[in-house]
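*Asks:* Got a file for you: upload.cif, mmCIF, C-alpha atoms.
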data_model
#
loop_
_atom_site.group_PDB
_atom_site.id
_atom_site.type_symbol
_atom_site.label_atom_id
_atom_site.label_comp_id
_atom_site.auth_asym_id
_atom_site.auth_seq_id
_atom_site.Cartn_x
_atom_site.Cartn_y
_atom_site.Cartn_z
ATOM 1 C CA GLU A 1 60.029 -23.704 -9.794
ATOM 2 C CA ASP A 2 56.923 -23.592 -7.576
ATOM 3 C CA ALA A 3 55.148 -25.811 -10.103
ATOM 4 C CA MET A 4 57.933 -28.349 -9.837
ATOM 5 C CA TYR A 5 57.603 -28.451 -6.057
ATOM 6 C CA ASN A 6 53.900 -29.155 -6.462
ATOM 7 C CA MET A 7 54.697 -32.384 -8.306
ATOM 8 C CA SER A 8 54.079 -35.554 -6.379
ATOM 9 C CA PRO A 9 57.408 -36.679 -4.849
ATOM 10 C CA TYR A 10 56.246 -40.276 -5.220
ATOM 11 C CA SER A 11 56.153 -39.810 -8.978
ATOM 12 C CA LEU A 12 59.830 -38.820 -8.914
ATOM 13 C CA SER A 13 61.093 -41.885 -7.101
ATOM 14 C CA ARG A 14 59.555 -45.366 -6.819
ATOM 15 C CA SER A 15 62.599 -47.536 -6.239
ATOM 16 C CA PHE A 16 64.448 -46.778 -3.013
ATOM 17 C CA ARG A 17 66.516 -49.520 -1.303
ATOM 18 C CA ASP A 18 64.301 -51.675 0.881
ATOM 19 C CA LYS A 19 66.569 -51.690 3.908
ATOM 20 C CA PRO A 20 66.204 -48.929 6.517
ATOM 21 C CA CYS A 21 68.927 -46.296 6.532
ATOM 22 C CA ARG A 22 70.019 -43.073 8.141
ATOM 23 C CA ALA A 23 69.392 -40.286 5.625
ATOM 24 C CA VAL A 24 70.386 -36.635 5.483
ATOM 25 C CA ILE A 25 69.205 -33.870 3.190
ATOM 26 C CA TYR A 26 71.378 -31.356 1.374
ATOM 27 C CA GLY A 27 69.879 -28.127 0.013
ATOM 28 C CA ARG A 28 71.384 -24.980 -1.444
ATOM 29 C CA ALA A 29 70.215 -21.578 -2.703
ATOM 30 C CA SER A 30 72.772 -19.681 -4.773
ATOM 31 C CA THR A 31 71.864 -16.164 -3.610
ATOM 32 C CA GLU A 32 70.239 -14.507 -0.625
ATOM 33 C CA HIS A 33 67.615 -12.766 -2.761
ATOM 34 C CA GLU A 34 64.077 -13.097 -1.426
ATOM 35 C CA ALA A 35 63.009 -15.290 -4.343
ATOM 36 C CA GLN A 36 65.876 -17.698 -3.717
ATOM 37 C CA VAL A 37 65.195 -17.805 0.023
ATOM 38 C CA LYS A 38 61.576 -18.691 -0.758
ATOM 39 C CA ALA A 39 62.818 -21.342 -3.200
ATOM 40 C CA LEU A 40 65.003 -22.823 -0.467
ATOM 41 C CA GLN A 41 62.030 -22.949 1.888
ATOM 42 C CA ASN A 42 60.066 -24.707 -0.839
ATOM 43 C CA GLN A 43 62.942 -27.165 -1.228
ATOM 44 C CA MET A 44 62.740 -28.082 2.450
ATOM 45 C CA GLN A 45 58.979 -28.587 2.307
ATOM 46 C CA TRP A 46 59.425 -30.682 -0.827
ATOM 47 C CA TYR A 47 62.023 -32.868 0.921
ATOM 48 C CA ASP A 48 59.564 -33.425 3.775
ATOM 49 C CA ASP A 49 57.033 -34.625 1.232
ATOM 50 C CA VAL A 50 59.586 -36.925 -0.386
ATOM 51 C CA ALA A 51 60.577 -38.397 2.981
ATOM 52 C CA ARG A 52 56.966 -39.225 3.840
ATOM 53 C CA PHE A 53 56.850 -41.578 0.855
ATOM 54 C CA HIS A 54 59.991 -43.349 2.100
ATOM 55 C CA PRO A 55 59.249 -44.493 5.662
ATOM 56 C CA GLN A 56 62.457 -46.565 5.641
ATOM 57 C CA TRP A 57 64.434 -43.313 5.745
ATOM 58 C CA ASN A 58 65.367 -42.045 9.174
ATOM 59 C CA VAL A 59 66.119 -38.406 8.320
ATOM 60 C CA ILE A 60 68.584 -37.392 10.995
ATOM 61 C CA ASN A 61 69.978 -34.101 9.676
ATOM 62 C CA ARG A 62 69.701 -31.323 7.110
ATOM 63 C CA TYR A 63 72.664 -29.479 5.650
ATOM 64 C CA ILE A 64 71.665 -26.133 4.132
ATOM 65 C CA ASP A 65 73.869 -23.607 2.317
ATOM 66 C CA GLN A 66 72.207 -20.275 1.665
ATOM 67 C CA GLY A 67 73.613 -17.549 -0.589
ATOM 68 C CA ILE A 68 76.532 -19.758 -1.640
ATOM 69 C CA THR A 69 77.911 -20.540 -5.094
ATOM 70 C CA GLY A 70 77.718 -24.107 -6.326
ATOM 71 C CA THR A 71 80.925 -23.972 -8.361
ATOM 72 C CA GLN A 72 83.267 -24.448 -5.386
ATOM 73 C CA VAL A 73 82.429 -26.974 -2.683
ATOM 74 C CA TYR A 74 85.100 -25.763 -0.245
ATOM 75 C CA LYS A 75 83.277 -22.427 0.058
ATOM 76 C CA ARG A 76 80.108 -24.141 1.292
ATOM 77 C CA ASP A 77 80.249 -24.592 5.057
ATOM 78 C CA ALA A 78 77.261 -26.922 5.320
ATOM 79 C CA PHE A 79 78.511 -29.084 2.449
ATOM 80 C CA MET A 80 81.979 -29.420 3.990
ATOM 81 C CA ARG A 81 80.430 -30.243 7.378
ATOM 82 C CA MET A 82 78.335 -32.923 5.700
ATOM 83 C CA MET A 83 81.440 -34.447 4.097
ATOM 84 C CA GLU A 84 83.203 -34.512 7.469
ATOM 85 C CA ASP A 85 80.194 -36.199 9.102
ATOM 86 C CA ALA A 86 80.182 -38.718 6.252
ATOM 87 C CA LYS A 87 83.766 -39.684 7.052
ATOM 88 C CA GLN A 88 82.609 -40.424 10.581
ATOM 89 C CA GLN A 89 79.864 -42.714 9.201
ATOM 90 C CA LYS A 90 77.081 -40.649 10.755
ATOM 91 C CA PHE A 91 74.648 -41.483 7.936
ATOM 92 C CA ASP A 92 74.155 -43.804 4.980
ATOM 93 C CA LEU A 93 72.353 -41.724 2.346
ATOM 94 C CA ILE A 94 72.436 -38.132 1.091
ATOM 95 C CA VAL A 95 69.242 -36.960 -0.568
ATOM 96 C CA THR A 96 69.433 -33.857 -2.753
ATOM 97 C CA ARG A 97 67.052 -32.458 -5.318
ATOM 98 C CA GLU A 98 69.299 -32.386 -8.383
ATOM 99 C CA VAL A 99 72.934 -32.434 -9.448
ATOM 100 C CA CYS A 100 73.229 -28.638 -9.759
ATOM 101 C CA ARG A 101 72.241 -28.279 -6.072
ATOM 102 C CA PHE A 102 75.038 -30.665 -5.116
ATOM 103 C CA ALA A 103 77.746 -29.132 -7.344
ATOM 104 C CA ARG A 104 78.052 -27.176 -10.595
ATOM 105 C CA ASN A 105 81.686 -28.207 -10.948
ATOM 106 C CA THR A 106 81.985 -31.588 -12.685
ATOM 107 C CA VAL A 107 85.280 -32.504 -11.027
ATOM 108 C CA ASP A 108 84.021 -31.588 -7.542
ATOM 109 C CA ALA A 109 80.865 -33.626 -8.026
ATOM 110 C CA LEU A 110 82.742 -36.749 -9.123
ATOM 111 C CA VAL A 111 85.479 -36.450 -6.491
ATOM 112 C CA CYS A 112 82.974 -36.049 -3.654
ATOM 113 C CA VAL A 113 80.728 -38.861 -4.877
ATOM 114 C CA ARG A 114 83.714 -41.196 -5.200
ATOM 115 C CA GLN A 115 84.880 -40.299 -1.699
ATOM 116 C CA LEU A 116 81.409 -41.066 -0.378
ATOM 117 C CA ALA A 117 81.137 -44.324 -2.354
ATOM 118 C CA ALA A 118 84.478 -45.470 -0.927
ATOM 119 C CA ILE A 119 82.946 -45.428 2.558
ATOM 120 C CA GLY A 120 79.627 -46.904 1.442
ATOM 121 C CA ILE A 121 77.562 -43.721 1.389
ATOM 122 C CA GLU A 122 75.190 -43.170 -1.503
ATOM 123 C CA VAL A 123 73.860 -39.931 -2.969
ATOM 124 C CA TYR A 124 70.353 -39.874 -4.407
ATOM 125 C CA PHE A 125 69.571 -37.055 -6.862
ATOM 126 C CA VAL A 126 65.789 -37.101 -6.823
ATOM 127 C CA ASN A 127 64.890 -35.099 -9.942
ATOM 128 C CA ASP A 128 67.603 -36.775 -12.012
ATOM 129 C CA ASN A 129 66.760 -40.191 -10.495
ATOM 130 C CA ILE A 130 70.470 -40.964 -10.073
ATOM 131 C CA TRP A 131 71.697 -43.394 -7.423
ATOM 132 C CA THR A 132 75.440 -43.062 -7.261
ATOM 133 C CA LEU A 133 76.071 -46.683 -6.241
ATOM 134 C CA ASP A 134 74.178 -47.992 -9.282
ATOM 135 C CA GLY A 135 76.255 -49.457 -12.094
ATOM 136 C CA ASP A 136 75.602 -46.509 -14.391
ATOM 137 C CA GLY A 137 75.351 -43.967 -11.580
ATOM 138 C CA GLU A 138 78.705 -42.308 -12.185
ATOM 139 C CA LEU A 139 78.181 -42.119 -15.944
ATOM 140 C CA ARG A 140 74.810 -40.428 -15.560
ATOM 141 C CA LEU A 141 76.188 -38.143 -12.851
ATOM 142 C CA THR A 142 79.058 -37.094 -15.135
ATOM 143 C CA ILE A 143 76.623 -36.126 -17.884
ATOM 144 C CA MET A 144 74.344 -34.142 -15.554
ATOM 145 C CA ALA A 145 77.245 -32.471 -13.717
ATOM 146 C CA THR A 146 78.776 -31.413 -17.023
ATOM 147 C CA MET A 147 75.464 -29.876 -18.051
ATOM 148 C CA ALA A 148 75.232 -28.049 -14.703
ATOM 149 C CA GLN A 149 78.776 -26.730 -15.117
ATOM 150 C CA GLU A 150 78.019 -25.518 -18.632
ATOM 151 C CA GLU A 151 74.928 -23.724 -17.350
ATOM 152 C CA SER A 152 77.121 -21.957 -14.757
ATOM 153 C CA ARG A 153 79.459 -20.853 -17.524
ATOM 154 C CA LYS A 154 76.559 -19.446 -19.535
ATOM 155 C CA ILE A 155 75.176 -17.623 -16.485
ATOM 156 C CA SER A 156 78.615 -16.153 -15.804
ATOM 157 C CA GLU A 157 78.909 -14.917 -19.389
ATOM 158 C CA ARG A 158 75.430 -13.362 -19.264
ATOM 159 C CA VAL A 159 76.209 -11.586 -15.987
ATOM 160 C CA LYS A 160 79.514 -10.243 -17.339
ATOM 161 C CA TRP A 161 77.828 -9.029 -20.514
ATOM 162 C CA GLY A 162 75.085 -7.289 -18.549
ATOM 163 C CA GLN A 163 77.570 -5.627 -16.198
ATOM 164 C CA GLN A 164 79.672 -4.364 -19.102
ATOM 165 C CA ARG A 165 76.649 -2.827 -20.824
ATOM 166 C CA LYS A 166 75.696 -1.055 -17.582
ATOM 167 C CA MET A 167 79.266 0.179 -17.072
ATOM 168 C CA GLU A 168 79.282 1.583 -20.593
ATOM 169 C CA GLN A 169 76.067 3.442 -19.711
ATOM 170 C CA GLY A 170 77.751 4.971 -16.663
ATOM 171 C CA VAL A 171 76.309 2.792 -13.909
ATOM 172 C CA VAL A 172 78.815 2.710 -11.044
ATOM 173 C CA PHE A 173 79.860 -0.646 -9.613
ATOM 174 C CA GLY A 174 81.679 -0.770 -6.311
ATOM 175 C CA ARG A 175 81.463 0.813 -2.896
ATOM 176 C CA SER A 176 81.579 4.301 -1.435
ATOM 177 C CA CYS A 177 85.030 5.781 -0.974
ATOM 178 C CA LEU A 178 86.714 8.809 0.517
ATOM 179 C CA GLY A 179 84.924 11.830 -0.930
ATOM 180 C CA TYR A 180 82.087 9.975 -2.632
ATOM 181 C CA ASP A 181 78.985 7.990 -1.766
ATOM 182 C CA VAL A 182 77.879 5.233 -4.146
ATOM 183 C CA LYS A 183 74.268 4.081 -4.036
ATOM 184 C CA ASP A 184 72.080 2.356 -6.635
ATOM 185 C CA GLY A 185 74.763 2.741 -9.276
ATOM 186 C CA LYS A 186 75.096 6.510 -8.811
ATOM 187 C CA ILE A 187 77.995 8.461 -7.320
ATOM 188 C CA THR A 188 77.586 11.703 -5.328
ATOM 189 C CA VAL A 189 80.009 13.936 -3.450
ATOM 190 C CA ASN A 190 80.273 13.458 0.304
ATOM 191 C CA ALA A 191 80.847 17.028 1.445
ATOM 192 C CA ASP A 192 82.698 16.194 4.652
ATOM 193 C CA SER A 193 85.241 13.720 3.320
ATOM 194 C CA ALA A 194 85.601 15.673 0.052
ATOM 195 C CA GLU A 195 87.379 18.374 2.046
ATOM 196 C CA ILE A 196 89.990 15.816 3.084
ATOM 197 C CA VAL A 197 90.502 14.867 -0.565
ATOM 198 C CA LYS A 198 91.072 18.520 -1.492
ATOM 199 C CA ARG A 199 93.510 18.865 1.384
ATOM 200 C CA ILE A 200 95.509 15.805 0.311
ATOM 201 C CA PHE A 201 95.864 16.990 -3.292
ATOM 202 C CA THR A 202 96.697 20.556 -2.284
ATOM 203 C CA GLU A 203 99.287 19.601 0.313
ATOM 204 C CA TYR A 204 100.951 17.070 -1.969
ATOM 205 C CA THR A 205 100.980 19.111 -5.186
ATOM 206 C CA VAL A 206 101.031 22.746 -4.056
ATOM 207 C CA LEU A 207 102.791 22.545 -0.701
ATOM 208 C CA LEU A 208 105.023 19.647 -1.846
ATOM 209 C CA LYS A 209 104.472 17.540 1.249
ATOM 210 C CA GLY A 210 105.239 13.820 1.052
ATOM 211 C CA ALA A 211 102.539 11.147 1.307
ATOM 212 C CA GLU A 212 103.887 9.874 4.653
ATOM 213 C CA SER A 213 103.977 13.412 6.038
ATOM 214 C CA ILE A 214 100.346 14.024 5.067
ATOM 215 C CA ALA A 215 99.316 10.726 6.644
ATOM 216 C CA ASP A 216 101.149 11.568 9.867
ATOM 217 C CA GLU A 217 99.411 14.952 10.112
ATOM 218 C CA LEU A 218 95.967 13.436 9.577
ATOM 219 C CA ASN A 219 96.665 10.809 12.235
ATOM 220 C CA ALA A 220 97.988 13.451 14.643
ATOM 221 C CA GLU A 221 94.728 15.379 14.220
ATOM 222 C CA GLN A 222 92.841 12.113 14.938
ATOM 223 C CA ILE A 223 91.073 12.265 11.584
ATOM 224 C CA ARG A 224 90.044 8.743 10.611
ATOM 225 C CA THR A 225 89.713 7.129 7.215
ATOM 226 C CA VAL A 226 86.276 6.209 5.835
ATOM 227 C CA ASN A 227 86.662 2.765 7.431
ATOM 228 C CA GLY A 228 87.688 4.261 10.756
ATOM 229 C CA GLY A 229 91.339 3.273 10.386
ATOM 230 C CA ARG A 230 94.630 5.153 10.378
ATOM 231 C CA TRP A 231 96.201 6.883 7.407
ATOM 232 C CA SER A 232 99.304 5.605 5.673
ATOM 233 C CA GLY A 233 101.544 6.857 2.910
ATOM 234 C CA ALA A 234 100.338 4.025 0.668
ATOM 235 C CA PHE A 235 96.707 5.074 1.197
ATOM 236 C CA ILE A 236 97.512 8.707 0.408
ATOM 237 C CA ARG A 237 99.203 7.676 -2.846
ATOM 238 C CA LYS A 238 96.155 5.577 -3.719
ATOM 239 C CA VAL A 239 93.952 8.657 -3.291
ATOM 240 C CA LEU A 240 96.274 10.699 -5.500
ATOM 241 C CA ARG A 241 95.948 8.138 -8.319
ATOM 242 C CA ASN A 242 92.150 7.841 -8.191
ATOM 243 C CA VAL A 243 90.595 9.343 -11.335
ATOM 244 C CA LYS A 244 87.211 9.633 -9.614
ATOM 245 C CA TYR A 245 88.363 12.852 -7.936
ATOM 246 C CA VAL A 246 88.677 14.675 -11.255
ATOM 247 C CA GLY A 247 85.200 13.498 -12.275
ATOM 248 C CA ASP A 248 86.250 10.570 -14.479
ATOM 249 C CA LEU A 249 85.130 6.971 -14.032
ATOM 250 C CA GLU A 250 87.329 3.969 -14.772
ATOM 251 C CA GLN A 251 85.843 0.496 -14.317
ATOM 252 C CA LYS A 252 86.569 -3.112 -15.182
ATOM 253 C CA LYS A 253 90.120 -2.802 -13.876
ATOM 254 C CA THR A 254 89.900 -6.389 -12.678
ATOM 255 C CA CYS A 255 88.331 -9.436 -14.299
ATOM 256 C CA THR A 256 87.355 -12.993 -13.376
ATOM 257 C CA PRO A 257 88.616 -15.226 -16.190
ATOM 258 C CA ASP A 258 87.645 -18.520 -14.539
ATOM 259 C CA PHE A 259 83.988 -18.870 -13.531
ATOM 260 C CA LEU A 260 84.839 -21.933 -11.418
ATOM 261 C CA THR A 261 87.491 -20.402 -9.147
ATOM 262 C CA HIS A 262 86.069 -16.844 -9.145
ATOM 263 C CA LYS A 263 89.626 -15.539 -8.703
ATOM 264 C CA LYS A 264 90.114 -11.967 -9.846
ATOM 265 C CA ARG A 265 93.159 -10.609 -11.650
ATOM 266 C CA LEU A 266 94.194 -7.260 -13.062
ATOM 267 C CA ASN A 267 92.582 -6.604 -16.399
ATOM 268 C CA SER A 268 95.312 -5.470 -18.784
ATOM 269 C CA SER A 269 92.781 -4.356 -21.388
ATOM 270 C CA GLU A 270 89.098 -3.589 -21.862
ATOM 271 C CA HIS A 271 88.977 -0.883 -19.166
ATOM 272 C CA ILE A 272 85.830 1.211 -19.417
ATOM 273 C CA TYR A 273 86.744 4.894 -19.064
ATOM 274 C CA ILE A 274 84.191 7.716 -19.058
ATOM 275 C CA ARG A 275 85.492 11.281 -18.913
ATOM 276 C CA ASN A 276 83.533 13.940 -16.982
ATOM 277 C CA HIS A 277 81.183 11.292 -15.624
ATOM 278 C CA HIS A 278 80.292 12.920 -12.298
ATOM 279 C CA GLU A 279 80.903 15.998 -10.162
ATOM 280 C CA PRO A 280 84.657 16.416 -9.570
ATOM 281 C CA ILE A 281 86.230 17.209 -6.219
ATOM 282 C CA ILE A 282 89.425 18.699 -7.651
ATOM 283 C CA SER A 283 90.052 20.627 -10.838
ATOM 284 C CA ARG A 284 91.514 18.952 -13.889
ATOM 285 C CA GLU A 285 94.411 21.381 -13.716
ATOM 286 C CA LEU A 286 95.292 20.266 -10.204
ATOM 287 C CA TRP A 287 94.881 16.623 -11.281
ATOM 288 C CA GLU A 288 97.296 17.084 -14.197
ATOM 289 C CA GLN A 289 99.807 18.824 -11.900
ATOM 290 C CA THR A 290 99.554 15.975 -9.406
#
Could you render the structure from this file as structure tokens?

*Replies:*
Amino acid sequence: EDAMYNMSPYSLSRSFRDKPCRAVIYGRASTEHEAQVKALQNQMQWYDDVARFHPQWNVINRYIDQGITGTQVYKRDAFMRMMEDAKQQKFDLIVTREVCRFARNTVDALVCVRQLAAIGIEVYFVNDNIWTLDGDGELRLTIMATMAQEESRKISERVKWGQQRKMEQGVVFGRSCLGYDVKDGKITVNADSAEIVKRIFTEYTVLLKGAESIADELNAEQIRTVNGGRWSGAFIRKVLRNVKYVGDLEQKKTCTPDFLTHKKRLNSSEHIYIRNHHEPIISRELWEQT
């Protein structure tokens, strides 16, 4: 990517409209990893170089989304702000490096470009050399946006495959919870909150107290949850159903079937279950009784 930024911007574009215009720049990095942040900084420097070869541009603003997915435009604050400013005719031209920076969703790309074209605003994709108000602009954009969307699908599949392999090897995904700390894919007992877990199981199963009653007692003693909140019967029942406390690990209980919407749903199959994965807090006998 650094090599690409070292290319002469003049070699990428020789035919900008002759008339002066108000231009804005749109840039996006898909994650907040250090390498991507550096890439975003390189993007901005590259845009400066491009602008110097187009003195007719009056660059009046930059819209930057950092650590944001490209598959959904409504999740990108800077992008949505740019679209709102476009409706108010604050600029004439959007300059962005390539179609996948603008959108990885084909429908979103076309809808937004058509909205902009309807009010006379053009988008220039520098690397792809696409001017959206050209006669073949939309056709070329459709092809490139489809390719960008397909690349997102492939990335999503690779990530899912990699996560599943790690889960099968016992790597823990998720956050710390009552009784356990999770760090770098490993789960360890938190001695302090583990005592609360033991108390909940013992009072519910041995002393036959109800979930609401246990929650009320914990609240009365001003014992807080891991997140600092109050206990509830629903939370107690959630603890009682958590297989982690008997030392088992169950993962992939939810899935993301659509890489464009990123909406999760319960996974009715393909759960990854590992028995005796980590140090238990309660005995298996007590778990079975519960």

*Asks:* Do you know which residues are at most 12 Å from Leu141 of chain A counting only C-alpha atoms, after dropping those on the same chain fewer than 2 positions away, and could you put them as a ChimeraX atom specification?

*Replies:* /A:98-100,102-114,123-125,128-139,143-149

*Asks:* Can you work out the spacing between atom CA of Trp231 of chain A and atom CA of Leu178 of chain A in Å, to one decimal?

*Replies:* 11.9 Å

*Asks:* How would you write, as a list in words, the residues chosen by the PyMOL selection byres ((chain A and resi 44-57) around 6) on this structure?

*Replies:* Tyr5, Pro9, Pro20, Cys21, Ala23, Gln41, Asn42, Gln43, Asn58 and Val59 of chain A

*Asks:* Please list as a PyMOL selection string every residue within 12 Å of Ile223 of chain A, counting only C-alpha atoms and excluding residues in the same chain fewer than 4 positions away.

*Replies:* chain A and resi 192-193+195-196+214-219+227-231

*Asks:* Please produce a file of those selected residues containing C-alpha atoms, as a PDB file, keeping the file's coordinate frame.

*Replies:*
ATOM      1  CA  ASP A 192      82.698  16.194   4.652  1.00  0.00           C
ATOM      2  CA  SER A 193      85.241  13.720   3.320  1.00  0.00           C
ATOM      3  CA  GLU A 195      87.379  18.374   2.046  1.00  0.00           C
ATOM      4  CA  ILE A 196      89.990  15.816   3.084  1.00  0.00           C
ATOM      5  CA  ILE A 214     100.346  14.024   5.067  1.00  0.00           C
ATOM      6  CA  ALA A 215      99.316  10.726   6.644  1.00  0.00           C
ATOM      7  CA  ASP A 216     101.149  11.568   9.867  1.00  0.00           C
ATOM      8  CA  GLU A 217      99.411  14.952  10.112  1.00  0.00           C
ATOM      9  CA  LEU A 218      95.967  13.436   9.577  1.00  0.00           C
ATOM     10  CA  ASN A 219      96.665  10.809  12.235  1.00  0.00           C
ATOM     11  CA  ASN A 227      86.662   2.765   7.431  1.00  0.00           C
ATOM     12  CA  GLY A 228      87.688   4.261  10.756  1.00  0.00           C
ATOM     13  CA  GLY A 229      91.339   3.273  10.386  1.00  0.00           C
ATOM     14  CA  ARG A 230      94.630   5.153  10.378  1.00  0.00           C
ATOM     15  CA  TRP A 231      96.201   6.883   7.407  1.00  0.00           C
TER      16      TRP A 231
END

*Asks:* Figure out the distance between atom CA of Ile281 of chain A and atom CA of Gly247 of chain A, please, to one decimal in Å.

*Replies:*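 The value is 7.2 Å.
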
*Asks:* Nearest residue to Gly27 of chain A out of A:Phe173, A:Met83, A:Lys75, A:Thr96, using only C-alpha atoms?

*Replies:* A:Thr96

*Asks:* When the PyMOL selection byres ((chain A and resi 179) around 12) is applied to the file above, which residues end up in the set, as number ranges by chain?

*Replies:* A: 175-178, 180-182, 187-200, 225-226, 239, 242, 244-247, 279-282

*Asks:* Mind checking which residues fall within 7 Å of Arg97 of chain A, counting only C-alpha atoms, ignoring those fewer than 3 positions away in the same chain, and posting them as a ChimeraX atom specification?

*Replies:* /A:101,125-127

*Asks:* Find the residues around Glu212 of chain A up to 8 Å (all atoms listed in the file counted), leave out those fewer than 5 positions away in its own chain, and share them as an MDAnalysis selection string.

*Replies:* chainID A and resid 232:234 236

*Asks:* Given only C-alpha atoms as the basis, pick out the residue of A:Gln89, A:Gln251, A:Gln289, A:Asn276 nearest to Val171 of chain A.

*Replies:* A:Gln251

*Asks:* Is it possible to get the residues within 12 Å of (77.2, 2.5, -12.9) (coordinates as in the file, counting all atoms listed in the file) written as a PyMOL selection string?

*Replies:* chain A and resi 162-175+182-188+249-252+272-274+277-278
